[in-house]
Amino acid sequence: MYRFLGKHTSLRAWLLLLPAALWLFVFFVAPLFIVLAYSFLERGTYGGVVWSFTLENFQRVFDPLYFNTFLRSFYIAGVTTLITLILGFPLAGYIATRPAARRGTLVLALMIPFWTNFLIRTYAWLTLLRTNTGLINVTLLSLGLIKEPLSLFGNDFAIILGLVYGWLPDMVLPIFAALDRLDPALIEAARDLYASETKVFWRVIWPLSLPGVVAGSMLVFIPSLGAFVTPAILGGGKSLMIGNIISNQFLAAHDWPFGSALSFVMMTVMLAATLIYFRVTSGKERRQL
Amino acid sequence: MSVNAARLSRRSRAAWLKKRVAQTLFSTYGIGAYLFLYLPIVVLVLFSFNDSRSTAQWAGFTTRWYVEMANDRQIILSLWNSVFVAVVSTAISTVIGTLAAMAMERYRFSGKLMMDAVLYLPIIIPDIAMAIMLLIFFNLSGIGFKPWEVLFFGVRLKVPFSVIIGHVAFNISFVAVVVRARLAQMDMTLEEAAGDLYADPWRTFWRVTFPMMLPGILGGALMAFTLSLDDFVITFFTSGAGFNTLPVRVFSMIKKGVTPKINAVSTMMLLFSLLLVGISITLSKGGDSESSIDRAV
Amino acid sequence: MAYEYAVELRDVTKRFGPVVAVDDVTLSIQQGKFYSLLGPSGCGKTTTLRMIAGFEVPSEGEVVIGGEVQGHLPPYQRPVNTVFQNYALFPHMTVAQNIAFGLEMRKIPRGEIRRRVGEMLELVHLSGMEKRRPTQLSGGQQQRVALARALVNRPKVLLLDEPLGALDLKLRQAMQLELKALQEQVGITFIYVTHDQGEALTMSDKIAVMNQGRVLQLGSPEEIYENPVNRFVADFIGETNFIPVEIKGDGETPVVGIGAEAVRAVWAKDALPVGRSAVLSIRPEKIALRRPGAEEAGAGRACISGRVVNLMYLGTDTRYVVRIADDVEVVVRMQNVSSAAHFFRIGETVELTWDPQHGRVMDVV
């Protein structure tokens with residue numbers, strides 16, 4: 001193979017990598033280890049830290065007060081992933097079965113929300129869901145369909161709705177990519193071999209789109225678990241997720257070591273999920289998406 | 001016709017009906033899903049023209065919220081801050097990320113696996129984690145919060161270095177991924193052909209490799225620009241007091257209460273995003289077969 | 001078998017938007033025979049097959065399988081199975097799972113599935129491969145799996161859509177013989193779609209030649225080759241000469257004029273009116289060459305003269321190009337059976353003779 005730079009490839013590769021490596025080691029890897037270090041320190045009186053070793057921060061992570069929020073965040077992220085999957089799979093199928101000319105437009109129509117600001121998309125739901133002044137309640141009340149405003153806001157429902165709305169395209173796109181690559185002849189073959197629509201789905205379409213499903217679920221689950229903006233806006237200060245607890249340690253409680261420990265546990269969980277993903281899918285499958 | 005004709009035709013009609021019903025349901029669902037994606041945005045834009053403080057009851061058409069937005073010096077300043085941070089961080093991360101992509105895609109070297117992990121991590125970990133990492137780092141090291149005073153299109157800005165450093169840190173990874181995808185698709189025999197036609201490696205790079213990489217580089221830059229403009233969390237945590245980009249400004253406005261003015265700012269940001277989408281489509285059309293999917297994931 | 005015809009198409013038309021893919025096709029396919037749908041790409045043969053399978057529904061007309069009108073019945077309710085062009089093997093299943101799929105869908109007991117899959121693997125010479133994935137097989141092996149997966153269901157009709165197209169020439173020829181033998185062994189009706197006339201001639205009991213959505217001729221390979229009904233069929237199958245002629249007589253063996261000369265011939269299909277321009281189709285191997293004034297031609301043989309302009313020695317035979325008029329050249333193939341007396345040189349004047357039964361008069365188009 002011809003290479004645009006000749007010998008000493010290792011040296012040359014590192015020369016090309018030098019700026020990126022420097023930047024990321026100083027401004028990403030080093031901070032990562034500092035967070036790890038901080039999580040074993042005691043909190044200082046006015047924010048900051050006292051340099052003495054303790055495991056107390058990690059013990060506090062399992063304090064029901066915080067651990068319940070952890071579990072709730074898992075629950076919310078899990079439900080969000082499940083709902084985006086249930087909504088997203090048929091949508092991906094819908095796009096994949098349209099004529100080629102319209103497929104491009106439909107994918108683009110999916111990309112536009114993807115490219116627009118997450119904060120704004122969350123805010124849009126705020127204006128719809130708020131209890132007394134949200135569009136949905138105001139409209140339903142004025143139409144006389146309800147007597148009391150529905151509680152659509154400041155709860156798990158609002159957070160999950162916001163997250164589903166925000167991350168639906170991330171679920172649909174990889175599944176669509178998998179479905180798009182599916183040879184239609186395989187579906188015809190299954191139908192020819194006496195498989196009903198349901199059987200065709202579970203025996204052929206589903207297993208062959210599984211890499212897309214797994215990728216999409218990762219793309220939805222991880223940011224949902226670490227959500228900060230959605231609970232901050234749609235949770236109405238009442239319904240919180242782990243991201244808000246972490247940010248509170250830095251912005252309000254000034255307990256940096258505990259905040260570090262929380263975020264460290266969160267990152268570990270996510271990395272574990274990612275590693276499992278890389279284990280169960282081959283490199284080839286991932287590249288296809 | 002056979003004796004079984006009647007029985008068979010009944011089965012056939014049932015099959016036909018089932019198919020039609022399924023198709024209709026499927027199409028309805030598809031349209032419904034797109035409505036779900038777009039209706040909130042449409043409502044948001046609609047109420048930016050509402051002649052009332054309410055974002056729920058229509059009271060007539062007005063553009064006064066846009067006038068208010070234009071006269072709000074805080075908003076205008078944060079807009080300039082956003083653009084400046086995006087431009088600078090995109091420029092830096094595009095160069096650095098492209099070089100990294102070339103190294104990662106074209107060489108085998110010791111430490112490659114580690115570099116792979118270091119490049120992927122900023123994409124994988126949630127922004128809140130990256131934000132507090134950077135917050136601690138800048139506090140501990142004491143670097144970064146010093147503002148960069150600069151005259152940008154005639155506007156005097158004070159931009160903390162920490163924000164730009166943070167944006168570059170996550171953008172490098174995204175640029176590297178996009179450019180790598182492009183490099184991986186490239187036909188290596190074209191470089192061999194150039195070598196065969198007497199081009200030395202240097203000229204091969206500039207005459208063949210680079211032009212072919214360019215759509216990927218521009219795609220990566222556009223992605224970095226969009227991510228930087230849209231970022232709220234990392235900016236929020238790394239800016240220190242008194243510095244706002246547009247999303248940070250919008251967040252604090254939302255926290256104070258909902259007004260159609262926020263809808264107006266949002267609409268402006270939406271239009272900007274649409275513009276960027278338009279540019280990216282033009283780029284990918286001029287460029288190559290790289291599908292929208294490749295850029296999305 | 002209870003019913004004479006395995007498949008009947010009655011006035012079947014299929015439109016895709018403004019495009020007519022299949023145009024008023026009526027075809028009856030007998031039980032237990034090997035049928036080929038032969039034609040160039042885009043002639044509607046694959047669409048016809050897909051309508052029998054149930055992947056497409058006719059715009060007009062009826063598909064009848066085993067005497068039962070199929071209408072909108074989906075593929076999984078039809079007693080036919082398909083071998084797909086690129087096999088369409090399920091990549092996430094093993095060979096055995098692929099073959100068992102149809103039986104499983106029909107809820108055949110496990111033990112019987114195992115037995116029938118085993119039999120099938122043996123039939124297509126793939127015993128021992130059951131645990132492999134399709135991607136681990138060669139093209140020929142994949143082909144056999146596809147065949148086994150369809151045949152194991154004991155369909156009334158097996159539909160094959162250019163199943164040998166992806167194989168190299170040698171494997172193809174071997175598989176042609178194998179397929180034919182297999183069909184005779186299992187006795188199932190095969191409907192085989194191909195654009196390869198050699199393939200169709202080798203394997204089929206009956207060939208339906210299609211073009212532009214229509215069936216032009218249905219017949220045995222010999223009938224199609226020896227008695228093509230029109231110019232397209234004559235041209236598509238084998239090599240032939242089209243000599244421009246003018247019709248000078250009627251009756252069963254009309255006289256046609258070639259330039260100044262006149263010969264007897266037969267109608268390819270319908271009689272044409274006197275005075276009309278037409279073409280005379282004669283296969284190259286039906287024509288004999290001789291030196292002028294040599295021994296008498298057989299009684300009643302047609303005879304015209306010409307000049308050898310080119311020749312090509314091909315081993316078993318020699319291919320001559322003979323000019324019979326200013327812009328009319330005829331190809332003649334003569335077997336190299338005996339002495340050098342049979343060889344003609346370029347520039348030599350010769351006489352061409354043939355049995356008038358082999359000269360078929362047809363429309364110019």
# chains A, B, ... in the order shown; residues from 1 in each chain; ligands from 1
>>> residues_around(residues="region 197-212 of chain C", least_positions_apart="2", cutoff="6 Å", atoms="only C-alpha atoms", output="JSON, numbers by chain")
{"C": [34, 35, 36, 37, 38, 39, 43, 180, 214, 215, 216, 217, 218, 219, 220, 221, 237]}
>>> residues_around(residues="Asn50 (chain B)", least_positions_apart="6", cutoff="10 Å", atoms="only C-alpha atoms", output="PDB file with N, CA, C and O atoms, in the first residue's frame")
ATOM      1  N   ALA B  56     -49.717  30.482  25.113  1.00  0.00           N
ATOM      2  CA  ALA B  56     -50.745  29.448  25.008  1.00  0.00           C
ATOM      3  C   ALA B  56     -52.011  29.951  24.344  1.00  0.00           C
ATOM      4  O   ALA B  56     -52.769  29.171  23.778  1.00  0.00           O
ATOM      5  N   GLN B  57     -52.282  31.254  24.434  1.00  0.00           N
ATOM      6  CA  GLN B  57     -53.511  31.766  23.847  1.00  0.00           C
ATOM      7  C   GLN B  57     -53.177  32.796  22.779  1.00  0.00           C
ATOM      8  O   GLN B  57     -52.466  33.768  23.046  1.00  0.00           O
ATOM      9  N   TRP B  58     -53.682  32.567  21.613  1.00  0.00           N
ATOM     10  CA  TRP B  58     -53.357  33.427  20.477  1.00  0.00           C
ATOM     11  C   TRP B  58     -54.089  34.757  20.614  1.00  0.00           C
ATOM     12  O   TRP B  58     -55.295  34.785  20.844  1.00  0.00           O
ATOM     13  N   ALA B  59     -53.344  35.883  20.469  1.00  0.00           N
ATOM     14  CA  ALA B  59     -53.970  37.196  20.649  1.00  0.00           C
ATOM     15  C   ALA B  59     -53.637  38.126  19.496  1.00  0.00           C
ATOM     16  O   ALA B  59     -53.617  39.336  19.659  1.00  0.00           O
ATOM     17  N   GLY B  60     -53.362  37.572  18.362  1.00  0.00           N
ATOM     18  CA  GLY B  60     -53.080  38.426  17.216  1.00  0.00           C
ATOM     19  C   GLY B  60     -51.594  38.454  16.879  1.00  0.00           C
ATOM     20  O   GLY B  60     -50.743  38.078  17.691  1.00  0.00           O
ATOM     21  N   PHE B  61     -51.322  38.952  15.669  1.00  0.00           N
ATOM     22  CA  PHE B  61     -49.965  38.897  15.138  1.00  0.00           C
ATOM     23  C   PHE B  61     -49.165  40.150  15.519  1.00  0.00           C
ATOM     24  O   PHE B  61     -49.670  41.269  15.491  1.00  0.00           O
ATOM     25  N   THR B  62     -47.911  39.935  15.904  1.00  0.00           N
ATOM     26  CA  THR B  62     -47.037  41.068  16.162  1.00  0.00           C
ATOM     27  C   THR B  62     -45.597  40.657  15.912  1.00  0.00           C
ATOM     28  O   THR B  62     -45.274  39.472  15.951  1.00  0.00           O
ATOM     29  N   THR B  63     -44.751  41.640  15.653  1.00  0.00           N
ATOM     30  CA  THR B  63     -43.317  41.352  15.564  1.00  0.00           C
ATOM     31  C   THR B  63     -42.570  42.025  16.704  1.00  0.00           C
ATOM     32  O   THR B  63     -41.359  42.114  16.689  1.00  0.00           O
ATOM     33  N   ARG B  64     -43.338  42.461  17.709  1.00  0.00           N
ATOM     34  CA  ARG B  64     -42.691  43.259  18.743  1.00  0.00           C
ATOM     35  C   ARG B  64     -41.659  42.469  19.545  1.00  0.00           C
ATOM     36  O   ARG B  64     -40.706  43.031  20.047  1.00  0.00           O
ATOM     37  N   TRP B  65     -41.833  41.149  19.659  1.00  0.00           N
ATOM     38  CA  TRP B  65     -40.871  40.344  20.425  1.00  0.00           C
ATOM     39  C   TRP B  65     -39.527  40.310  19.723  1.00  0.00           C
ATOM     40  O   TRP B  65     -38.488  40.232  20.363  1.00  0.00           O
ATOM     41  N   PRO B 260     -42.820  35.198  25.073  1.00  0.00           N
ATOM     42  CA  PRO B 260     -42.677  35.050  23.622  1.00  0.00           C
ATOM     43  C   PRO B 260     -41.318  35.548  23.131  1.00  0.00           C
ATOM     44  O   PRO B 260     -40.895  35.180  22.034  1.00  0.00           O
ATOM     45  N   LYS B 261     -40.637  36.354  23.927  1.00  0.00           N
ATOM     46  CA  LYS B 261     -39.309  36.807  23.522  1.00  0.00           C
ATOM     47  C   LYS B 261     -38.368  35.607  23.391  1.00  0.00           C
ATOM     48  O   LYS B 261     -37.548  35.555  22.468  1.00  0.00           O
ATOM     49  N   ASN B 263     -39.339  32.677  22.609  1.00  0.00           N
ATOM     50  CA  ASN B 263     -39.756  32.057  21.351  1.00  0.00           C
ATOM     51  C   ASN B 263     -39.095  32.744  20.169  1.00  0.00           C
ATOM     52  O   ASN B 263     -38.680  32.090  19.207  1.00  0.00           O
ATOM     53  N   ALA B 264     -39.002  34.061  20.235  1.00  0.00           N
ATOM     54  CA  ALA B 264     -38.385  34.813  19.139  1.00  0.00           C
ATOM     55  C   ALA B 264     -36.909  34.444  19.010  1.00  0.00           C
ATOM     56  O   ALA B 264     -36.416  34.171  17.906  1.00  0.00           O
TER      57      ALA B 264
END
>>> closest_residue(among="A:Leu16, A:Leu193, A:Leu275, A:Val214", to="Ala146 (chain C)", atoms="only C-alpha atoms")
A:Leu193
>>> select_by_dssp(residues="region 3-184 of chain A", states="strand (DSSP E)", output="compact mmCIF listing (two decimals) with N, CA and C atoms, in the first residue's frame")
# COMPACT_ATOMS: atom_id res chain seq x y z
N LEU A 41 -11.21 12.68 48.07
CA LEU A 41 -10.77 13.72 49.02
C LEU A 41 -11.94 14.21 49.86
N GLU A 42 -11.60 14.97 50.92
CA GLU A 42 -12.65 15.54 51.76
C GLU A 42 -12.99 16.93 51.27
N ARG A 43 -14.23 17.34 51.52
CA ARG A 43 -14.64 18.65 51.04
C ARG A 43 -14.02 19.76 51.89
N VAL A 49 -11.26 21.53 48.15
CA VAL A 49 -11.05 20.23 48.78
C VAL A 49 -9.98 20.29 49.85
N VAL A 50 -10.02 19.37 50.74
CA VAL A 50 -8.94 19.14 51.69
C VAL A 50 -8.23 17.88 51.26
N TRP A 51 -6.90 17.95 51.19
CA TRP A 51 -6.15 16.83 50.63
C TRP A 51 -5.95 15.71 51.63
N SER A 52 -7.01 15.07 52.01
CA SER A 52 -6.82 13.86 52.80
C SER A 52 -7.76 12.77 52.27
N PHE A 53 -7.25 11.56 52.25
CA PHE A 53 -7.93 10.45 51.59
C PHE A 53 -9.16 9.98 52.38
>>> residues_around(residues="Val248 (chain B)", least_positions_apart="4", cutoff="12 Å", atoms="only C-alpha atoms", output="number ranges by chain")
A: 117, 119-120, 229; B: 74-75, 77-79, 81-82, 229-244, 252-255
>>> write_last_selection(atoms="N, CA, C and O atoms", output="compact mmCIF listing (two decimals), in the first residue's frame")
# COMPACT_ATOMS: atom_id res chain seq x y z
N ASN A 117 -31.12 23.11 18.16
CA ASN A 117 -30.68 23.16 19.54
C ASN A 117 -31.59 22.36 20.47
O ASN A 117 -32.81 22.52 20.48
N LEU A 119 -31.80 22.58 23.68
CA LEU A 119 -32.41 23.48 24.67
C LEU A 119 -33.73 24.04 24.14
O LEU A 119 -34.75 24.07 24.83
N ILE A 120 -33.71 24.44 22.87
CA ILE A 120 -34.91 25.02 22.26
C ILE A 120 -36.01 23.99 22.11
O ILE A 120 -37.18 24.26 22.38
N VAL A 229 -30.24 19.10 31.04
CA VAL A 229 -31.11 20.18 30.58
C VAL A 229 -32.58 19.79 30.72
O VAL A 229 -33.39 20.57 31.26
N GLN B 74 -28.01 42.38 26.03
CA GLN B 74 -27.49 41.12 26.57
C GLN B 74 -27.58 40.01 25.53
O GLN B 74 -26.66 39.22 25.35
N ILE B 75 -28.75 39.95 24.85
CA ILE B 75 -28.96 38.89 23.86
C ILE B 75 -28.00 39.07 22.69
O ILE B 75 -27.35 38.11 22.24
N LEU B 77 -25.17 40.62 22.62
CA LEU B 77 -23.80 40.33 23.03
C LEU B 77 -23.56 38.81 23.11
O LEU B 77 -22.54 38.30 22.64
N SER B 78 -24.54 38.11 23.68
CA SER B 78 -24.35 36.66 23.81
C SER B 78 -24.35 36.00 22.45
O SER B 78 -23.66 34.99 22.23
N LEU B 79 -25.10 36.58 21.51
CA LEU B 79 -25.07 36.05 20.14
C LEU B 79 -23.66 36.17 19.55
O LEU B 79 -23.11 35.22 18.98
N ASN B 81 -20.91 36.43 21.23
CA ASN B 81 -20.05 35.50 21.96
C ASN B 81 -20.15 34.09 21.37
O ASN B 81 -19.15 33.42 21.15
N SER B 82 -21.41 33.67 21.11
CA SER B 82 -21.63 32.34 20.55
C SER B 82 -20.90 32.16 19.22
O SER B 82 -20.21 31.16 19.00
N LEU B 229 -22.08 25.98 18.59
CA LEU B 229 -23.17 26.96 18.70
C LEU B 229 -24.26 26.46 19.64
O LEU B 229 -24.85 27.24 20.38
N ASP B 230 -24.55 25.17 19.60
CA ASP B 230 -25.66 24.62 20.37
C ASP B 230 -25.30 24.30 21.80
O ASP B 230 -26.17 24.08 22.62
N ASP B 231 -24.00 24.22 22.09
CA ASP B 231 -23.62 23.74 23.41
C ASP B 231 -24.12 24.67 24.50
O ASP B 231 -23.97 25.88 24.45
N PHE B 232 -24.73 24.04 25.48
CA PHE B 232 -25.13 24.79 26.66
C PHE B 232 -24.35 24.33 27.88
O PHE B 232 -23.75 25.12 28.60
N VAL B 233 -24.33 23.02 28.11
CA VAL B 233 -23.85 22.49 29.39
C VAL B 233 -22.39 22.83 29.65
O VAL B 233 -22.03 23.36 30.71
N ILE B 234 -21.53 22.55 28.67
CA ILE B 234 -20.09 22.76 28.91
C ILE B 234 -19.79 24.25 29.06
O ILE B 234 -19.03 24.66 29.96
N THR B 235 -20.42 25.08 28.24
CA THR B 235 -20.22 26.52 28.37
C THR B 235 -20.68 27.01 29.74
O THR B 235 -19.99 27.78 30.42
N PHE B 236 -21.84 26.53 30.14
CA PHE B 236 -22.45 26.95 31.41
C PHE B 236 -21.51 26.71 32.58
O PHE B 236 -21.38 27.54 33.47
N PHE B 237 -20.81 25.56 32.55
CA PHE B 237 -19.96 25.21 33.68
C PHE B 237 -18.55 25.77 33.58
O PHE B 237 -17.86 25.87 34.58
N THR B 238 -18.09 26.06 32.38
CA THR B 238 -16.69 26.48 32.25
C THR B 238 -16.54 27.99 32.04
O THR B 238 -15.42 28.48 31.93
N SER B 239 -17.63 28.74 32.00
CA SER B 239 -17.47 30.15 31.63
C SER B 239 -17.18 31.05 32.83
O SER B 239 -16.74 32.17 32.66
N GLY B 240 -17.43 30.54 34.04
CA GLY B 240 -17.29 31.45 35.19
C GLY B 240 -18.43 32.45 35.15
O GLY B 240 -19.36 32.32 34.35
N ALA B 241 -18.38 33.44 36.00
CA ALA B 241 -19.51 34.37 36.10
C ALA B 241 -19.48 35.40 34.98
O ALA B 241 -18.42 35.77 34.50
N GLY B 242 -20.65 35.83 34.56
CA GLY B 242 -20.76 37.01 33.71
C GLY B 242 -20.55 36.79 32.24
O GLY B 242 -20.66 37.71 31.45
N PHE B 243 -20.27 35.56 31.81
CA PHE B 243 -20.12 35.32 30.37
C PHE B 243 -21.27 34.47 29.87
O PHE B 243 -21.57 33.42 30.43
N ASN B 244 -21.92 34.94 28.83
CA ASN B 244 -23.06 34.22 28.27
C ASN B 244 -22.87 33.94 26.79
O ASN B 244 -22.53 34.85 26.03
N SER B 252 -30.99 30.93 31.12
CA SER B 252 -31.30 31.75 32.30
C SER B 252 -32.61 32.50 32.10
O SER B 252 -33.35 32.74 33.05
N MET B 253 -32.95 32.86 30.85
CA MET B 253 -34.24 33.48 30.58
C MET B 253 -35.38 32.50 30.89
O MET B 253 -36.40 32.87 31.49
N ILE B 254 -35.19 31.23 30.46
CA ILE B 254 -36.23 30.23 30.71
C ILE B 254 -36.44 30.07 32.20
O ILE B 254 -37.57 29.96 32.68
N LYS B 255 -35.33 30.05 32.94
CA LYS B 255 -35.42 29.87 34.39
C LYS B 255 -36.24 30.98 35.03
O LYS B 255 -36.88 30.79 36.06
>>> interface_residues(of="chain C", to="chain A", cutoff="7 Å", atoms="only C-alpha atoms", output="PyMOL selection string")
chain C and resi 75-77+81-82+88-90+101-102+105-106
>>> write_last_selection(atoms="N, CA, C and O atoms", output="compact mmCIF listing (two decimals), in the first residue's frame")
# COMPACT_ATOMS: atom_id res chain seq x y z
N PRO C 75 -47.87 -14.63 -0.57
CA PRO C 75 -46.98 -15.74 -0.93
C PRO C 75 -47.04 -16.90 0.04
O PRO C 75 -46.97 -18.05 -0.35
N TYR C 76 -47.23 -16.58 1.36
CA TYR C 76 -47.17 -17.67 2.32
C TYR C 76 -48.42 -18.52 2.34
O TYR C 76 -48.49 -19.50 3.07
N GLN C 77 -49.43 -18.13 1.55
CA GLN C 77 -50.60 -18.99 1.43
C GLN C 77 -50.67 -19.69 0.08
O GLN C 77 -51.71 -20.22 -0.30
N ASN C 81 -42.90 -22.41 -4.18
CA ASN C 81 -41.72 -21.87 -3.54
C ASN C 81 -40.77 -21.33 -4.59
O ASN C 81 -40.81 -21.74 -5.75
N THR C 82 -39.91 -20.41 -4.16
CA THR C 82 -39.06 -19.69 -5.09
C THR C 82 -37.59 -19.90 -4.75
O THR C 82 -37.23 -19.92 -3.59
N ALA C 88 -30.99 -15.19 -1.65
CA ALA C 88 -31.71 -14.66 -0.49
C ALA C 88 -31.66 -15.62 0.69
O ALA C 88 -32.67 -15.88 1.33
N LEU C 89 -30.48 -16.15 0.97
CA LEU C 89 -30.33 -17.00 2.15
C LEU C 89 -30.26 -16.11 3.38
O LEU C 89 -29.65 -15.05 3.34
N PHE C 90 -30.90 -16.56 4.48
CA PHE C 90 -30.89 -15.74 5.69
C PHE C 90 -29.49 -15.76 6.30
O PHE C 90 -29.01 -16.82 6.71
N PHE C 101 -36.60 -23.55 7.69
CA PHE C 101 -37.46 -22.39 7.94
C PHE C 101 -38.91 -22.59 7.51
O PHE C 101 -39.84 -22.38 8.29
N GLY C 102 -39.09 -23.01 6.25
CA GLY C 102 -40.44 -23.15 5.73
C GLY C 102 -41.25 -24.20 6.49
O GLY C 102 -42.43 -24.01 6.78
N MET C 105 -42.29 -22.84 9.81
CA MET C 105 -43.39 -21.89 9.68
C MET C 105 -44.72 -22.64 9.55
O MET C 105 -45.75 -22.16 9.96
N ARG C 106 -44.67 -23.83 8.95
CA ARG C 106 -45.90 -24.59 8.78
C ARG C 106 -46.13 -25.56 9.94
O ARG C 106 -46.99 -26.42 9.86
>>> interface_residues(of="chain B", to="chain C", cutoff="6 Å", atoms="only C-alpha atoms", output="CSV table (one decimal) with C-alpha atoms, in the first residue's frame")
chain,number,residue,atom,x,y,z
B,12,SER,CA,-58.1,-13.6,-1.3
B,15,ALA,CA,-55.8,-11.0,2.4
B,16,TRP,CA,-56.2,-7.9,0.2
>>> residues_around(residues="Ser28 (chain C)", least_positions_apart="6", cutoff="10 Å", atoms="only C-alpha atoms", output="ChimeraX atom specification")
/C:4-10,64,218
>>> write_last_selection(atoms="C-alpha atoms", output="short mmCIF file (atom, residue, chain, number, x, y, z; two decimals), in the first residue's frame")
data_model
loop_
_atom_site.label_atom_id
_atom_site.label_comp_id
_atom_site.auth_asym_id
_atom_site.auth_seq_id
_atom_site.Cartn_x
_atom_site.Cartn_y
_atom_site.Cartn_z
CA GLU C 4 -53.75 -31.32 -15.64
CA TYR C 5 -52.22 -27.89 -15.27
CA ALA C 6 -49.96 -26.86 -12.39
CA VAL C 7 -50.24 -23.17 -13.22
CA GLU C 8 -52.49 -21.25 -15.55
CA LEU C 9 -52.23 -17.58 -16.41
CA ARG C 10 -55.45 -16.18 -17.84
CA VAL C 64 -54.50 -20.14 -11.16
CA LEU C 218 -44.59 -21.70 -26.46
#
